[in-house]
There are 2 protein chains.
Amino acid sequence: MRKRAFLLVIFITIVLLTAMAYAQDPLPSWNAGPAKQAIIEFVKATTDTASPKFVPSEARIATFDQDGTTWVEQPMYTQLMYCLERVPAVVKAKPELKNVEPFKTVLSGNREAMAKFTMKDLEKILVATLTGMTVEQFNAEVKEWLVAARHPRWKRPYTELVYQPMLEVMQYFRANGYKTYFVTGGGQDFVRAYSERVYGIPPEQVVGSAGATQFSYDKNGKPVLTKVAKLLLNDDKAGKPEGIYLFIGRRPVAAFGNSIGDKQMLEYTQAGDGARLMVLVHHDDADREYAYGPKSKIGTFTDALMAQAKQKGWVVVSIKNDWNRIFAFEK
Amino acid sequence: MRKRAFLLVIFITIVLLTAMAYAQDPLPSWNAGPAKQAIIEFVKATTDTASPKFVPSEARIATFDQDGTTWVEQPMYTQLMYCLERVPAVVKAKPELKNVEPFKTVLSGNREAMAKFTMKDLEKILVATLTGMTVEQFNAEVKEWLVAARHPRWKRPYTELVYQPMLEVMQYFRANGYKTYFVTGGGQDFVRAYSERVYGIPPEQVVGSAGATQFSYDKNGKPVLTKVAKLLLNDDKAGKPEGIYLFIGRRPVAAFGNSIGDKQMLEYTQAGDGARLMVLVHHDDADREYAYGPKSKIGTFTDALMAQAKQKGWVVVSIKNDWNRIFAFEK
């Protein structure tokens, strides 16, 4: 035990030294400015026992939207890209779908026609690509796709199109005793397939749009869970605070989003007592990433949302001005 | 920083000394025997990096049923007792229910008549007492009741009727890097109201039967979540592995239950690779607690379940023989 205690002391010393170096600037990809300052002041105040804003460790919950908040959501949600690119494999397994819409159009590769898909078309594609398999099969399919797929603009895996400044924020929060959660409109299972590796967020801290599974036994009598087409949680807009209550059971003290889909989560976060931090990422950098606002089909950051952010004291992050680096592969 | 490092070393030393004392017997309320031995051997093997059964820390998930596994479930589930005892307050707020069944019978206090309630009657009582209020109101109502309510046999608060040997198991698992979860047929919100204080299990690690909430704004414009009568998860039998996948997203390596409602959870746990521990608590001590089996209405430990446990190598805990103390207030 003495040797172990000694090793532990060495380990603690290393951790402390690392922490001291790190403490110089926990957010190196952020430019100095009100956004960076607000984030750092919030973390310092809520972890300082002498501060009136101190938050006990068990209540340190920070929630993050994913698409458009921690990774690129243009030109299309990554999961939607996954579903479209999975269609050939689905049709191979079920050739009777080959000449059936909307699968026929997806196979044709006609992007203009695909852009006209109705919600019902999309639903058929989601059901065909996200349900009917065991949860292990689905997990393996997502992982396989993530290795092979490339973003059309950067020609890199989607998991490299993660915002380095937001990774730093997540790490900074965790280093200060916060539990970081995803609260995403994306599929819970989909995000869980990579969240631990890419973001350091374990599966049990991913709240997302969730479908039901069905327990049964396979032909060898082994218990299996199969994904079925029954939506339990649509984790968007009002569904976000509802999902937070369902999965976490505590109100976050900090929440990060980028669109009208995150509005209710930020309102719910702000409605609690004590210190609060609400942050919206604003995509205003067409050169380095994308610039989109009210007229974008997805990830809408409306004028009304901007007005609400100003009125309520939410932090608005300008990608153009606040981030000196967007992706880890830059520089 | 030097002073902080010094304090940390002192702290670590205290933790190590405590751990050494604790290591003598982590389960003092358990008699020596195959059940205690199986639990200790499992924890030792799965946390020893030199063991072929080693489980990395992130995968150390242990799930516990609650009613009949970690606290008394006789003569009635505690939550059902809560719902019945809440009826007068509900009728006071809605006097029109006074002469309506099943509320009329509950108010009469006629236990024989209540014992004949149909599922539909019970459902009406659950809806009236568990929905329609904000989540904060519900939490406050449960906490208030827990302070005042007494178990008919022991005349003590229900939260004192927790099995000391199971508290020791939970603490032992956590001290060895396991995350302990409830996976209960009881209401998720109900259990969350006391699980952290009573069991050391935080709300985000309580998986239970879960109803939906609805996000809206109160008359002051403040966001509120209201409990509504829509069941999202019936966390019993097949619902337990389904709930584990939905909320945790990982397969447990250890699972504890006491009835046919836990069978699928134990099967699902066992179906994973590597080290596995499946435990069933058997209520066979009518003097100190209760003895009930196939003929009991609740908490059924059927002959078929016992046969399956033996065939599959599940650990069966005899309360009579394996526990030298049942409740913390004894001795």
# chains A, B, ... in the order shown; residues from 1 in each chain; ligands from 1

$ interface_residues --of "chain B" --to "chain A" --cutoff "9 Å" --atoms "only C-alpha atoms" --output "MDAnalysis selection string"
chainID B and resid 1 5 8:9 12:13 16 20 58 135 188:189 192 202:207 210:216 222:225 232:233 238:239 241:243 245:250 264 267:268 271

$ residues_around --residues "A:Lys36" --least-positions-apart "2" --cutoff "12 Å" --atoms "only C-alpha atoms" --output "PyMOL selection string"
chain A and resi 25-34+38-43+165-166+168-169+172+279+315-319+321-324

$ write_last_selection --atoms "N, CA, C and O atoms" --output "tab-separated table (two decimals), in the first residue's frame"
chain	number	residue	atom	x	y	z
A	25	ASP	N	-4.41	29.42	-19.83
A	25	ASP	CA	-5.50	29.72	-20.75
A	25	ASP	C	-6.24	28.45	-21.10
A	25	ASP	O	-5.81	27.68	-21.96
A	26	PRO	N	-7.38	28.24	-20.47
A	26	PRO	CA	-8.14	27.01	-20.75
A	26	PRO	C	-8.80	27.02	-22.12
A	26	PRO	O	-9.23	25.98	-22.59
A	27	LEU	N	-8.88	28.20	-22.74
A	27	LEU	CA	-9.60	28.31	-24.01
A	27	LEU	C	-8.72	28.97	-25.08
A	27	LEU	O	-9.03	30.06	-25.58
A	28	PRO	N	-7.62	28.30	-25.46
A	28	PRO	CA	-6.66	28.94	-26.37
A	28	PRO	C	-7.20	29.23	-27.77
A	28	PRO	O	-6.69	30.12	-28.45
A	29	SER	N	-8.25	28.53	-28.20
A	29	SER	CA	-8.80	28.79	-29.54
A	29	SER	C	-9.81	29.93	-29.55
A	29	SER	O	-10.40	30.24	-30.57
A	30	TRP	N	-9.99	30.55	-28.38
A	30	TRP	CA	-10.91	31.68	-28.28
A	30	TRP	C	-10.12	32.99	-28.24
A	30	TRP	O	-9.13	33.10	-27.51
A	31	ASN	N	-10.57	33.95	-29.01
A	31	ASN	CA	-10.02	35.30	-28.90
A	31	ASN	C	-10.54	35.97	-27.63
A	31	ASN	O	-11.64	35.66	-27.18
A	32	ALA	N	-9.71	36.86	-27.07
A	32	ALA	CA	-10.19	37.63	-25.93
A	32	ALA	C	-11.43	38.41	-26.37
A	32	ALA	O	-11.48	38.92	-27.50
A	33	GLY	N	-12.40	38.50	-25.47
A	33	GLY	CA	-13.63	39.21	-25.83
A	33	GLY	C	-14.71	38.86	-24.82
A	33	GLY	O	-14.48	38.05	-23.92
A	34	PRO	N	-15.88	39.47	-24.96
A	34	PRO	CA	-16.93	39.26	-23.96
A	34	PRO	C	-17.40	37.80	-23.84
A	34	PRO	O	-17.74	37.36	-22.75
A	38	ALA	N	-17.07	35.81	-20.41
A	38	ALA	CA	-18.29	35.37	-19.71
A	38	ALA	C	-18.18	33.90	-19.32
A	38	ALA	O	-18.57	33.51	-18.22
A	39	ILE	N	-17.64	33.08	-20.22
A	39	ILE	CA	-17.53	31.64	-19.95
A	39	ILE	C	-16.55	31.41	-18.79
A	39	ILE	O	-16.84	30.66	-17.85
A	40	ILE	N	-15.40	32.06	-18.85
A	40	ILE	CA	-14.39	31.85	-17.81
A	40	ILE	C	-14.87	32.39	-16.46
A	40	ILE	O	-14.72	31.73	-15.43
A	41	GLU	N	-15.49	33.55	-16.48
A	41	GLU	CA	-15.99	34.11	-15.21
A	41	GLU	C	-17.07	33.23	-14.60
A	41	GLU	O	-17.12	33.05	-13.37
A	42	PHE	N	-17.90	32.65	-15.45
A	42	PHE	CA	-18.96	31.77	-14.95
A	42	PHE	C	-18.35	30.54	-14.26
A	42	PHE	O	-18.74	30.18	-13.14
A	43	VAL	N	-17.39	29.91	-14.92
A	43	VAL	CA	-16.78	28.69	-14.34
A	43	VAL	C	-16.05	29.03	-13.06
A	43	VAL	O	-16.17	28.31	-12.05
A	165	PRO	N	-12.88	25.11	-30.42
A	165	PRO	CA	-13.21	25.97	-29.27
A	165	PRO	C	-14.27	25.35	-28.35
A	165	PRO	O	-14.21	25.54	-27.13
A	166	MET	N	-15.19	24.61	-28.92
A	166	MET	CA	-16.23	24.00	-28.09
A	166	MET	C	-15.69	22.77	-27.35
A	166	MET	O	-16.10	22.49	-26.22
A	168	GLU	N	-12.73	22.66	-26.22
A	168	GLU	CA	-12.03	23.29	-25.09
A	168	GLU	C	-13.01	23.69	-23.99
A	168	GLU	O	-12.71	23.52	-22.81
A	169	VAL	N	-14.18	24.20	-24.39
A	169	VAL	CA	-15.18	24.57	-23.38
A	169	VAL	C	-15.63	23.33	-22.61
A	169	VAL	O	-15.71	23.34	-21.37
A	172	TYR	N	-12.89	22.24	-20.31
A	172	TYR	CA	-12.76	23.23	-19.23
A	172	TYR	C	-13.85	23.02	-18.18
A	172	TYR	O	-13.59	23.02	-16.96
A	279	VAL	N	-25.61	30.25	-23.76
A	279	VAL	CA	-24.72	30.61	-24.85
A	279	VAL	C	-25.32	30.17	-26.19
A	279	VAL	O	-25.83	29.05	-26.31
A	315	VAL	N	-25.20	34.87	-23.91
A	315	VAL	CA	-23.94	35.14	-24.59
A	315	VAL	C	-24.07	34.70	-26.05
A	315	VAL	O	-24.44	33.55	-26.32
A	316	VAL	N	-23.78	35.61	-26.98
A	316	VAL	CA	-23.78	35.23	-28.40
A	316	VAL	C	-22.34	35.15	-28.88
A	316	VAL	O	-21.58	36.12	-28.79
A	317	VAL	N	-21.96	33.96	-29.36
A	317	VAL	CA	-20.60	33.72	-29.84
A	317	VAL	C	-20.56	33.98	-31.34
A	317	VAL	O	-21.30	33.35	-32.10
A	318	SER	N	-19.70	34.90	-31.75
A	318	SER	CA	-19.48	35.12	-33.18
A	318	SER	C	-18.31	34.24	-33.62
A	318	SER	O	-17.19	34.39	-33.14
A	319	ILE	N	-18.60	33.30	-34.51
A	319	ILE	CA	-17.51	32.41	-34.96
A	319	ILE	C	-16.40	33.24	-35.59
A	319	ILE	O	-15.21	33.00	-35.35
A	321	ASN	N	-15.48	36.39	-35.03
A	321	ASN	CA	-14.68	37.22	-34.12
A	321	ASN	C	-14.15	36.49	-32.89
A	321	ASN	O	-13.10	36.85	-32.36
A	322	ASP	N	-14.89	35.50	-32.41
A	322	ASP	CA	-14.53	34.88	-31.13
A	322	ASP	C	-13.62	33.66	-31.24
A	322	ASP	O	-13.00	33.27	-30.26
A	323	TRP	N	-13.59	33.04	-32.42
A	323	TRP	CA	-12.79	31.82	-32.55
A	323	TRP	C	-11.58	32.07	-33.44
A	323	TRP	O	-11.73	32.41	-34.61
A	324	ASN	N	-10.38	31.90	-32.90
A	324	ASN	CA	-9.19	32.06	-33.74
A	324	ASN	C	-8.87	30.78	-34.51
A	324	ASN	O	-8.08	30.78	-35.45

$ select_by_dssp --residues "stretch 12-129 of chain B" --states "strand (DSSP E)" --output "VMD selection string"
chain B and resid 61 to 64

$ residues_around --residues "B:Arg60" --least-positions-apart "3" --cutoff "8 Å" --atoms "only C-alpha atoms" --output "list in words"
Val55, Pro56, Ser57, Gly177, Tyr178, Lys179, Pro252 and Val253 of chain B

$ residues_around --residues "A:Arg288" --least-positions-apart "6" --cutoff "12 Å" --atoms "only C-alpha atoms" --output "list of chain:residue names"
A:Val72, A:Arg153, A:Trp154, A:Leu161, A:Tyr163, A:Ile319, A:Lys320, A:Asn321, A:Trp323, A:Asn324, A:Arg325, A:Ile326, A:Phe327, A:Glu330

$ select_by_dssp --residues "stretch 283-327 of chain A" --states "helix (DSSP H, G or I)" --output "ChimeraX atom specification"
/A:303-312,319-322

$ residues_around --residues "B:Met81" --least-positions-apart "4" --cutoff "12 Å" --atoms "only C-alpha atoms" --output "PyMOL selection string"
chain B and resi 73-77+85-87+106+111+114+122+125-126+129+142+145-146+149-152+158+186

$ residues_around --residues "A:Asp236" --least-positions-apart "3" --cutoff "8 Å" --atoms "only C-alpha atoms" --output "list of chain:residue names"
A:Thr184, A:Gly185, A:Ser209, A:Gly239, A:Lys240, A:Gly261, A:Asp262

$ write_last_selection --atoms "N, CA, C and O atoms" --output "mmCIF file, in the first residue's frame"
data_model
loop_
_atom_site.group_PDB
_atom_site.id
_atom_site.type_symbol
_atom_site.label_atom_id
_atom_site.label_comp_id
_atom_site.auth_asym_id
_atom_site.auth_seq_id
_atom_site.Cartn_x
_atom_site.Cartn_y
_atom_site.Cartn_z
ATOM 1 N N THR A 184 -29.379 16.825 -27.856
ATOM 2 C CA THR A 184 -29.368 17.020 -29.297
ATOM 3 C C THR A 184 -30.663 16.559 -29.950
ATOM 4 O O THR A 184 -31.272 15.574 -29.500
ATOM 5 N N GLY A 185 -31.063 17.278 -30.984
ATOM 6 C CA GLY A 185 -32.193 16.829 -31.786
ATOM 7 C C GLY A 185 -31.852 15.587 -32.589
ATOM 8 O O GLY A 185 -32.727 14.865 -33.055
ATOM 9 N N SER A 209 -32.941 12.640 -29.647
ATOM 10 C CA SER A 209 -34.211 12.089 -30.114
ATOM 11 C C SER A 209 -34.089 10.577 -30.037
ATOM 12 O O SER A 209 -33.120 9.993 -30.519
ATOM 13 N N GLY A 239 -39.076 19.816 -26.581
ATOM 14 C CA GLY A 239 -38.588 18.472 -26.255
ATOM 15 C C GLY A 239 -37.248 18.482 -25.544
ATOM 16 O O GLY A 239 -36.898 17.504 -24.877
ATOM 17 N N LYS A 240 -36.496 19.576 -25.661
ATOM 18 C CA LYS A 240 -35.184 19.613 -24.990
ATOM 19 C C LYS A 240 -35.306 19.717 -23.465
ATOM 20 O O LYS A 240 -34.739 18.878 -22.765
ATOM 21 N N GLY A 261 -34.112 25.823 -32.147
ATOM 22 C CA GLY A 261 -34.344 24.515 -31.526
ATOM 23 C C GLY A 261 -33.821 24.452 -30.104
ATOM 24 O O GLY A 261 -34.176 23.553 -29.339
ATOM 25 N N ASP A 262 -32.953 25.404 -29.746
ATOM 26 C CA ASP A 262 -32.342 25.414 -28.407
ATOM 27 C C ASP A 262 -32.955 26.455 -27.469
ATOM 28 O O ASP A 262 -32.586 26.532 -26.297
#

$ atom_distance --atom1 "atom CA of A:Asp273" --atom2 "atom CA of A:Ala62"
14.9 Å

$ atom_distance --atom1 "atom CA of A:Leu277" --atom2 "atom CA of A:Ala254"
4.5 Å
